[in-house]
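Q: You'll find upload-v1.txt just under this line, and it carries compact mmCIF, C-alpha atoms.
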# COMPACT_ATOMS: atom_id res chain seq x y z
CA MET A 123 -5.98 -20.22 17.07
CA THR A 124 -8.72 -17.63 17.45
CA THR A 125 -10.42 -14.97 15.35
CA LEU A 126 -8.30 -11.87 14.79
CA LEU A 127 -9.79 -8.40 15.20
CA TYR A 128 -8.11 -5.55 13.34
CA THR A 129 -9.00 -1.97 14.25
CA HIS A 130 -7.31 1.31 15.20
CA PRO A 131 -8.27 4.46 17.19
CA ALA A 132 -7.59 6.56 14.07
CA CYS A 133 -10.73 5.08 12.50
CA LEU A 134 -12.74 6.87 15.20
CA GLU A 135 -11.14 10.19 14.26
CA HIS A 136 -12.58 10.23 10.71
CA ASN A 137 -15.21 12.92 11.34
CA THR A 138 -18.00 13.22 8.79
CA GLY A 139 -19.88 16.04 10.49
CA PHE A 140 -23.06 16.43 12.51
CA GLY A 141 -25.91 14.16 11.52
CA HIS A 142 -23.95 12.09 9.01
CA PRO A 143 -25.01 8.41 9.14
CA GLU A 144 -21.45 7.10 8.68
CA CYS A 145 -20.32 8.43 12.06
CA PRO A 146 -17.69 7.43 14.65
CA ALA A 147 -20.47 6.18 16.95
CA ARG A 148 -20.92 3.23 14.58
CA LEU A 149 -17.46 1.91 15.36
CA THR A 150 -17.77 2.77 19.06
CA ALA A 151 -20.94 0.67 19.30
CA ILE A 152 -19.20 -2.26 17.61
CA LEU A 153 -16.04 -2.10 19.71
CA ASN A 154 -18.03 -1.79 22.93
CA VAL A 155 -19.89 -5.04 22.26
CA LEU A 156 -16.71 -6.83 21.16
CA LYS A 157 -15.08 -5.91 24.49
CA THR A 158 -17.67 -7.92 26.44
CA SER A 159 -16.99 -11.35 27.91
CA PRO A 160 -18.40 -13.50 25.05
CA PHE A 161 -15.60 -12.11 22.86
CA ALA A 162 -12.73 -12.45 25.34
CA ALA A 163 -10.95 -14.91 23.03
CA LEU A 164 -10.65 -12.39 20.19
CA GLU A 165 -7.07 -11.39 19.43
CA TRP A 166 -7.02 -7.61 18.98
CA ARG A 167 -4.43 -6.18 16.61
CA ASP A 168 -3.67 -2.61 15.58
CA ALA A 169 -4.34 -1.93 11.91
CA PRO A 170 -1.21 -0.69 10.12
CA GLN A 171 -1.32 2.06 7.53
CA ALA A 172 -1.65 0.85 3.95
CA THR A 173 1.28 1.73 1.72
CA ASP A 174 0.97 3.50 -1.60
CA GLU A 175 1.97 0.21 -3.22
CA GLN A 176 -1.04 -1.52 -1.65
CA LEU A 177 -3.48 1.28 -2.50
CA THR A 178 -2.28 1.57 -6.09
CA ARG A 179 -3.03 -2.08 -6.86
CA ILE A 180 -6.61 -0.80 -7.25
CA HIS A 181 -6.38 3.01 -7.51
CA PRO A 182 -4.05 5.00 -9.79
CA LEU A 183 -1.41 6.97 -7.92
CA THR A 184 -2.88 10.21 -9.28
CA TYR A 185 -6.18 9.33 -7.60
CA VAL A 186 -4.51 8.45 -4.29
CA GLU A 187 -2.60 11.73 -4.30
CA ARG A 188 -5.76 13.68 -5.18
CA ILE A 189 -7.68 12.17 -2.27
CA PHE A 190 -4.97 12.99 0.24
CA ALA A 191 -4.62 16.50 -1.17
CA ARG A 192 -8.31 17.09 -0.38
CA ILE A 193 -7.98 16.27 3.31
CA PRO A 194 -8.48 19.61 5.11
CA ARG A 195 -6.25 20.94 7.87
CA HIS A 196 -9.34 22.10 9.77
CA GLY A 197 -13.07 21.42 9.56
CA HIS A 198 -14.58 19.35 6.78
CA TYR A 199 -14.34 18.96 3.02
CA ALA A 200 -17.11 17.45 0.88
CA ILE A 201 -15.71 15.25 -1.88
CA ASP A 202 -19.35 14.86 -2.89
CA GLY A 203 -22.67 15.31 -1.12
CA ASP A 204 -22.25 12.04 0.79
CA THR A 205 -18.50 11.66 1.18
CA ILE A 206 -17.08 14.01 3.80
CA VAL A 207 -13.51 14.13 5.08
CA SER A 208 -11.78 15.82 8.01
CA PRO A 209 -8.15 16.27 9.16
CA GLN A 210 -7.78 12.69 10.45
CA SER A 211 -9.45 11.03 7.46
CA SER A 212 -6.12 10.39 5.74
CA GLU A 213 -4.78 8.16 8.51
CA ALA A 214 -8.17 6.51 9.03
CA ALA A 215 -8.40 5.58 5.35
CA ARG A 216 -4.87 4.18 5.33
CA ARG A 217 -5.58 2.20 8.51
CA ALA A 218 -8.81 0.82 7.04
CA ALA A 219 -7.13 -0.50 3.91
CA GLY A 220 -4.06 -1.54 5.90
CA ALA A 221 -6.19 -3.60 8.28
CA VAL A 222 -7.47 -5.70 5.42
CA CYS A 223 -4.01 -6.26 3.94
CA ALA A 224 -2.60 -7.20 7.36
CA ALA A 225 -5.50 -9.57 8.01
CA VAL A 226 -5.00 -11.23 4.63
CA GLU A 227 -1.31 -11.74 5.39
CA ALA A 228 -2.03 -13.18 8.85
CA ILE A 229 -4.60 -15.64 7.52
CA LEU A 230 -2.37 -16.75 4.63
CA ASN A 231 0.52 -17.19 7.09
CA GLY A 232 -1.61 -19.54 9.20
CA GLU A 233 -1.83 -17.25 12.24
CA ALA A 234 -5.61 -17.76 12.36
CA ASN A 235 -8.37 -19.11 10.16
CA ASN A 236 -10.37 -15.89 10.01
CA ALA A 237 -10.38 -12.21 10.91
CA PHE A 238 -12.78 -9.29 11.27
CA CYS A 239 -11.71 -5.75 10.34
CA ALA A 240 -13.65 -3.20 12.42
CA ILE A 241 -12.75 -0.16 10.38
CA ARG A 242 -14.02 3.02 8.80
CA PRO A 243 -14.34 4.68 6.36
CA PRO A 244 -15.98 1.82 4.47
CA GLY A 245 -14.85 0.97 0.97
CA HIS A 246 -17.07 -0.91 -1.45
CA HIS A 247 -18.44 2.17 -3.27
CA ALA A 248 -15.00 3.66 -4.00
CA GLU A 249 -14.30 3.13 -7.68
CA PRO A 250 -10.73 3.09 -8.99
CA HIS A 251 -10.98 6.76 -10.06
CA GLN A 252 -13.79 8.09 -7.83
CA ALA A 253 -14.63 8.35 -4.13
CA MET A 254 -18.33 8.06 -3.38
CA GLY A 255 -20.93 6.67 -0.99
CA PHE A 256 -18.93 7.44 2.18
CA CYS A 257 -15.94 5.51 0.72
CA LEU A 258 -12.43 6.71 -0.18
CA PHE A 259 -10.53 3.52 -1.05
CA GLY A 260 -11.80 0.07 -2.00
CA ASN A 261 -10.76 -1.81 1.13
CA ALA A 262 -12.04 -5.24 0.07
CA ALA A 263 -10.71 -4.93 -3.47
CA ILE A 264 -7.33 -3.80 -2.12
CA GLY A 265 -7.24 -6.81 0.20
CA ALA A 266 -8.14 -9.14 -2.65
CA ALA A 267 -5.41 -7.68 -4.86
CA HIS A 268 -2.94 -7.99 -1.98
CA ALA A 269 -3.80 -11.68 -1.64
CA ARG A 270 -3.16 -12.21 -5.34
CA THR A 271 0.00 -10.10 -5.62
CA ALA A 272 1.75 -10.49 -2.28
CA GLY A 273 0.18 -13.81 -1.30
CA GLY A 274 0.52 -15.52 -4.65
CA LEU A 275 -3.08 -16.71 -4.82
CA GLU A 276 -4.81 -17.34 -8.12
CA ARG A 277 -8.48 -17.17 -7.03
CA VAL A 278 -10.00 -14.81 -4.47
CA ALA A 279 -13.75 -14.41 -3.84
CA ILE A 280 -15.57 -11.47 -2.28
CA ILE A 281 -19.09 -11.89 -0.89
CA ASP A 282 -20.84 -8.57 -0.29
CA PHE A 283 -24.07 -8.63 1.75
CA ASP A 284 -24.33 -4.87 2.32
CA VAL A 285 -27.80 -3.58 1.36
CA HIS A 286 -26.21 -1.36 -1.31
CA HIS A 287 -24.41 -2.77 -4.33
CA GLY A 288 -20.62 -2.52 -4.16
CA ASN A 289 -20.15 -0.70 -7.44
CA GLY A 290 -16.55 0.16 -6.59
CA THR A 291 -15.52 -3.43 -5.91
CA GLN A 292 -17.22 -4.56 -9.09
CA ALA A 293 -15.57 -1.84 -11.18
CA ALA A 294 -12.14 -2.74 -9.80
CA LEU A 295 -12.37 -6.49 -10.36
CA GLU A 296 -14.86 -7.18 -13.14
CA HIS A 297 -12.28 -7.67 -15.91
CA ASP A 298 -10.11 -10.20 -14.05
CA PRO A 299 -11.46 -13.78 -13.82
CA GLY A 300 -9.06 -14.47 -10.95
CA TYR A 301 -11.60 -12.67 -8.77
CA LEU A 302 -15.21 -13.62 -8.05
CA TYR A 303 -17.52 -10.88 -6.76
CA ILE A 304 -20.94 -11.87 -5.40
CA SER A 305 -23.34 -9.18 -4.14
CA THR A 306 -26.77 -9.40 -2.54
CA HIS A 307 -28.37 -5.95 -2.31
CA GLN A 308 -31.69 -4.15 -2.50
CA ALA A 309 -32.73 -3.41 -6.07
CA HIS A 310 -33.38 0.12 -7.37
CA ILE A 311 -31.60 2.07 -4.63
CA TYR A 312 -28.19 3.77 -4.36
CA PRO A 313 -25.90 3.51 -6.29
CA GLY A 314 -28.20 2.21 -9.06
CA THR A 315 -25.85 -0.55 -10.21
CA GLY A 316 -25.87 -4.30 -9.60
CA ARG A 317 -28.27 -5.73 -12.18
CA ARG A 318 -28.12 -9.46 -12.82
CA ASP A 319 -26.96 -8.87 -16.38
CA GLU A 320 -23.78 -7.14 -15.14
CA ARG A 321 -21.52 -10.16 -15.44
CA GLY A 322 -18.04 -8.71 -16.00
CA ALA A 323 -15.71 -11.40 -17.35
CA GLY A 324 -18.17 -13.99 -16.10
CA ASN A 325 -16.89 -13.32 -12.57
CA ILE A 326 -19.68 -11.05 -11.27
CA VAL A 327 -22.80 -12.47 -9.60
CA ASN A 328 -25.31 -9.77 -8.71
CA ILE A 329 -28.42 -10.73 -6.76
CA PRO A 330 -30.77 -7.74 -6.44
CA LEU A 331 -33.56 -8.28 -3.92
CA ILE A 332 -36.87 -6.47 -3.96
CA ALA A 333 -37.83 -4.29 -1.00
CA ASN A 334 -39.03 -6.20 2.08
CA SER A 335 -37.12 -9.36 1.18
CA GLY A 336 -36.10 -11.25 4.32
CA THR A 337 -35.02 -14.56 5.81
CA ALA A 338 -36.62 -16.92 3.30
CA ASP A 339 -35.31 -14.90 0.35
CA LEU A 340 -31.76 -14.93 1.75
CA ARG A 341 -31.77 -18.69 2.16
CA HIS A 342 -33.18 -19.15 -1.34
CA VAL A 343 -30.51 -17.07 -3.06
CA TRP A 344 -27.78 -18.77 -1.03
CA GLN A 345 -28.86 -22.16 -2.33
CA GLN A 346 -29.66 -21.02 -5.87
CA ASP A 347 -26.93 -18.46 -6.58
CA ILE A 348 -24.25 -17.91 -3.97
CA GLU A 349 -23.13 -21.36 -2.89
CA PRO A 350 -23.06 -22.84 -6.42
CA ALA A 351 -20.98 -19.92 -7.72
CA LEU A 352 -18.53 -20.18 -4.83
CA ARG A 353 -18.06 -23.91 -5.15
CA GLU A 354 -17.59 -23.72 -8.90
CA PHE A 355 -14.95 -20.98 -8.47
CA GLN A 356 -13.07 -22.86 -5.69
CA PRO A 357 -11.60 -19.77 -4.01
CA GLN A 358 -8.31 -19.94 -2.15
CA LEU A 359 -9.48 -17.13 0.15
CA ILE A 360 -12.88 -15.58 0.82
CA LEU A 361 -13.32 -11.92 1.75
CA ILE A 362 -16.64 -10.64 3.11
CA SER A 363 -17.85 -7.09 2.58
CA ALA A 364 -19.89 -7.18 5.76
CA GLY A 365 -22.51 -4.46 5.63
CA PHE A 366 -25.32 -4.78 8.15
CA ASP A 367 -27.72 -2.21 6.68
CA ALA A 368 -30.05 -4.89 5.30
CA HIS A 369 -31.27 -5.20 8.90
CA TYR A 370 -34.97 -4.48 9.27
CA LEU A 371 -34.26 -1.57 11.64
CA ASP A 372 -31.77 0.19 9.38
CA PRO A 373 -32.94 3.63 8.22
CA LEU A 374 -31.29 3.68 4.77
CA ALA A 375 -33.06 0.79 3.02
CA GLU A 376 -35.97 -1.65 3.17
CA LEU A 377 -34.71 -5.23 3.51
CA ASN A 378 -35.77 -7.34 6.49
CA PHE A 379 -32.72 -9.30 7.64
CA ASN A 380 -32.02 -9.83 11.35
CA GLU A 381 -29.13 -10.93 13.54
CA ASP A 382 -29.94 -14.62 13.09
CA ASP A 383 -29.77 -14.18 9.32
CA TYR A 384 -26.26 -12.71 9.56
CA ALA A 385 -25.14 -15.55 11.84
CA TRP A 386 -26.65 -18.14 9.48
CA LEU A 387 -25.08 -16.61 6.38
CA THR A 388 -21.69 -16.40 8.09
CA ARG A 389 -21.84 -20.10 8.98
CA GLN A 390 -22.72 -21.01 5.40
CA ILE A 391 -19.76 -19.01 4.07
CA LEU A 392 -17.44 -20.61 6.62
CA ALA A 393 -18.63 -24.09 5.64
CA VAL A 394 -17.75 -23.44 2.00
CA ALA A 395 -14.42 -21.92 3.06
CA GLN A 396 -13.66 -25.04 5.08
CA ASP A 397 -14.18 -27.16 1.97
CA CYS A 398 -12.44 -24.86 -0.53
CA CYS A 399 -9.69 -22.90 1.20
CA GLU A 400 -8.86 -24.34 4.63
CA GLY A 401 -11.42 -22.03 6.26
CA ARG A 402 -9.56 -18.84 5.30
CA VAL A 403 -11.92 -15.86 5.61
CA VAL A 404 -11.38 -12.12 6.15
CA SER A 405 -14.47 -10.03 6.96
CA ILE A 406 -14.49 -6.25 6.44
CA LEU A 407 -16.99 -3.79 7.93
CA GLU A 408 -19.04 -1.84 5.40
CA GLY A 409 -22.44 -0.27 6.21
CA GLY A 410 -25.00 -0.43 9.03
CA TYR A 411 -26.55 2.72 10.47
CA ASN A 412 -28.94 1.79 13.30
CA LEU A 413 -26.49 1.56 16.18
CA PRO A 414 -28.18 -1.12 18.33
CA ALA A 415 -28.96 -3.24 15.25
CA LEU A 416 -25.43 -2.78 13.95
CA ALA A 417 -23.83 -3.82 17.25
CA ALA A 418 -26.11 -6.86 17.60
CA SER A 419 -25.54 -7.92 14.00
CA VAL A 420 -21.76 -7.62 14.24
CA ALA A 421 -21.89 -9.60 17.49
CA ALA A 422 -23.80 -12.39 15.76
CA HIS A 423 -21.39 -12.34 12.81
CA VAL A 424 -18.22 -12.42 14.93
CA LYS A 425 -19.63 -15.14 17.22
CA ALA A 426 -20.14 -17.27 14.12
CA LEU A 427 -16.55 -16.60 13.04
CA MET A 428 -15.32 -17.65 16.48
CA GLU A 429 -17.45 -20.82 16.53
CA VAL A 430 -15.18 -22.38 13.90
CA HIS A 431 -12.26 -22.33 16.33
CA ARG A 432 -14.32 -23.74 19.18
CA ALA A 433 -15.53 -26.56 16.96
CA ALA A 434 -11.97 -27.29 15.84
CA GLN A 435 -10.78 -27.36 19.46
CA ARG A 436 -13.58 -29.74 20.45
CA SER A 437 -12.75 -31.99 17.50
CA LEU A 438 -9.05 -32.00 18.43
CA ILE A 439 -9.76 -32.81 22.06
CA LYS A 440 -12.12 -35.61 21.04
CA SER A 441 -9.49 -37.04 18.69
CA ILE A 442 -6.81 -36.95 21.40
CA LEU A 443 -9.09 -38.65 23.93
CA GLU A 444 -10.03 -41.35 21.43
CA ARG A 445 -6.36 -42.05 20.65
CA GLN A 446 -5.55 -42.24 24.36
CA LYS A 447 -8.44 -44.63 24.92
CA ALA A 448 -7.37 -46.82 22.02
CA LYS A 449 -3.79 -46.89 23.34
CA ARG A 450 -4.98 -48.00 26.81
CA ASN A 451 -7.06 -50.81 25.27
CA THR A 452 -4.13 -52.27 23.32
Using structure tokens, write down the structure from this file.
A:
Amino acid sequence: MTTLLYTHPACLEHNTGFGHPECPARLTAILNVLKTSPFAALEWRDAPQATDEQLTRIHPLTYVERIFARIPRHGHYAIDGDTIVSPQSSEAARRAAGAVCAAVEAILNGEANNAFCAIRPPGHHAEPHQAMGFCLFGNAAIGAAHARTAGGLERVAIIDFDVHHGNGTQAALEHDPGYLYISTHQAHIYPGTGRRDERGAGNIVNIPLIANSGTADLRHVWQQDIEPALREFQPQLILISAGFDAHYLDPLAELNFNEDDYAWLTRQILAVAQDCCEGRVVSILEGGYNLPALAASVAAHVKALMEVHRAAQRSLIKSILERQKAKRNT
């Protein structure tokens, strides 16, 4: 088995207008690096379109219909000052949410241990009744609900390391203790949510970091907050809201993570997943707005996802060789 990669050309057609940070070039930079030889073992799959049934596990049907009614036939439409849509945004948004649902199904069916969804628009700011922060639908929350409803799971965790708090994911899941939402984010920036005292039904773990926090701070909160909460919850599946805008080169915030930090954090999450849920992880692209930093960070993240399979293959080969040796010696 290998890591699955879900994406679709329609996600490149979501046009947010000149100068907008959440631009098609983000996804182009990611896909270009994932087409290089170190990632040859990735299994690329087309993202299907999410159904209304999948979307409405998080968003009311009236909201879904309202969003699609605002998609223009030509040009652009501003849902708010940050969230811009264009004629192809409808399909892109359905493909983004559909990628996550398809990845969840594939992982639960044993087709692979993990997957990365290279999609846009992102999702973690979209609240059940409100699009905002570049986001139309809550992709990660929709995937988590799909795992519970269609996959029959009881406990699903989402780890969100985007530099901005995922207010939409929190709002969608905070009243259901079958979900665990953990967010590391920069304090006192957009969207202004994510305080430590926002606990939901005891299933929300917010970890606001002060500006200029970096490697040492990330490792500290992993050991103090993230890993203990995950292991206590014992998830049957882990989703990652993988935003890479906490990188020190990103223009929209002031945290100081680097590619090695993303690789390290990914390995830590995978180690917990191996212990708790047979290694089942689905990662979902959120933010990241410096193109070279974004591409390098995604590369580090996906390499770490792929390492699990290489390690498993090496372990299997070693086991086979040891059995063969023991058989010859008897």
Q: Residues at most 7 Å from region 305-309 of chain A, counting only C-alpha atoms, excluding those fewer than 6 positions away in the same chain, as a list of chain:residue names?
A: A:Ile281, A:Asp282, A:Phe283, A:Asp284, A:Val285, A:His286, A:His287, A:Val327, A:Asn328, A:Ile329, A:Pro330, A:Leu331, A:Ile332, A:Ala333, A:Leu377
Q: Around (-16.2, -6.0, -7.2) in the file's own coordinates, what residues are found within 9 Å if you use only C-alpha atoms, given back as a ChimeraX atom specification?
A: /A:246,262-263,280,282,288-296,301-305,326
Q: Which of these residues is nearest to Met123 (chain A), using all atoms listed in the file: A:Pro194, A:Gly232, A:Pro299, A:Gly203?
A: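 Comparing A:Pro194, A:Gly232, A:Pro299, A:Gly203 against Met123 (chain A), the winner is A:Gly232.
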Q: So how many Å separate CA of Asp339 (chain A) and CA of Ala393 (chain A), to one decimal?
A: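 Going from CA of Asp339 (chain A) over to CA of Ala393 (chain A) covers 19.8 Å.
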Q: Distance CA of Asn235 (chain A)-CA of Gln176 (chain A), one decimal place?
A: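 Atom-to-atom, CA of Asn235 (chain A) to CA of Gln176 (chain A), that is 22.4 Å.
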Q: Rounded to one decimal, what separation in Å do you get between CA of Ala237 (chain A) and CA of Ala421 (chain A)?
A: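 Pair CA of Ala237 (chain A) / CA of Ala421 (chain A) returns 13.5 Å.
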Q: Let me make sure I understand: among A:Gly409, A:Pro182, A:Gly245, A:Pro160, which one has the smallest atom-to-atom distance to Gly265 (chain A) if we use all atoms listed in the file?
A: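 The closest residue to Gly265 (chain A) is A:Gly245.
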Q: Of the candidates A:Thr173, A:Ser405, A:Asn261, A:Thr125, which one gets nearest to Glu233 (chain A) if we count all atoms listed in the file?
A: A:Thr125
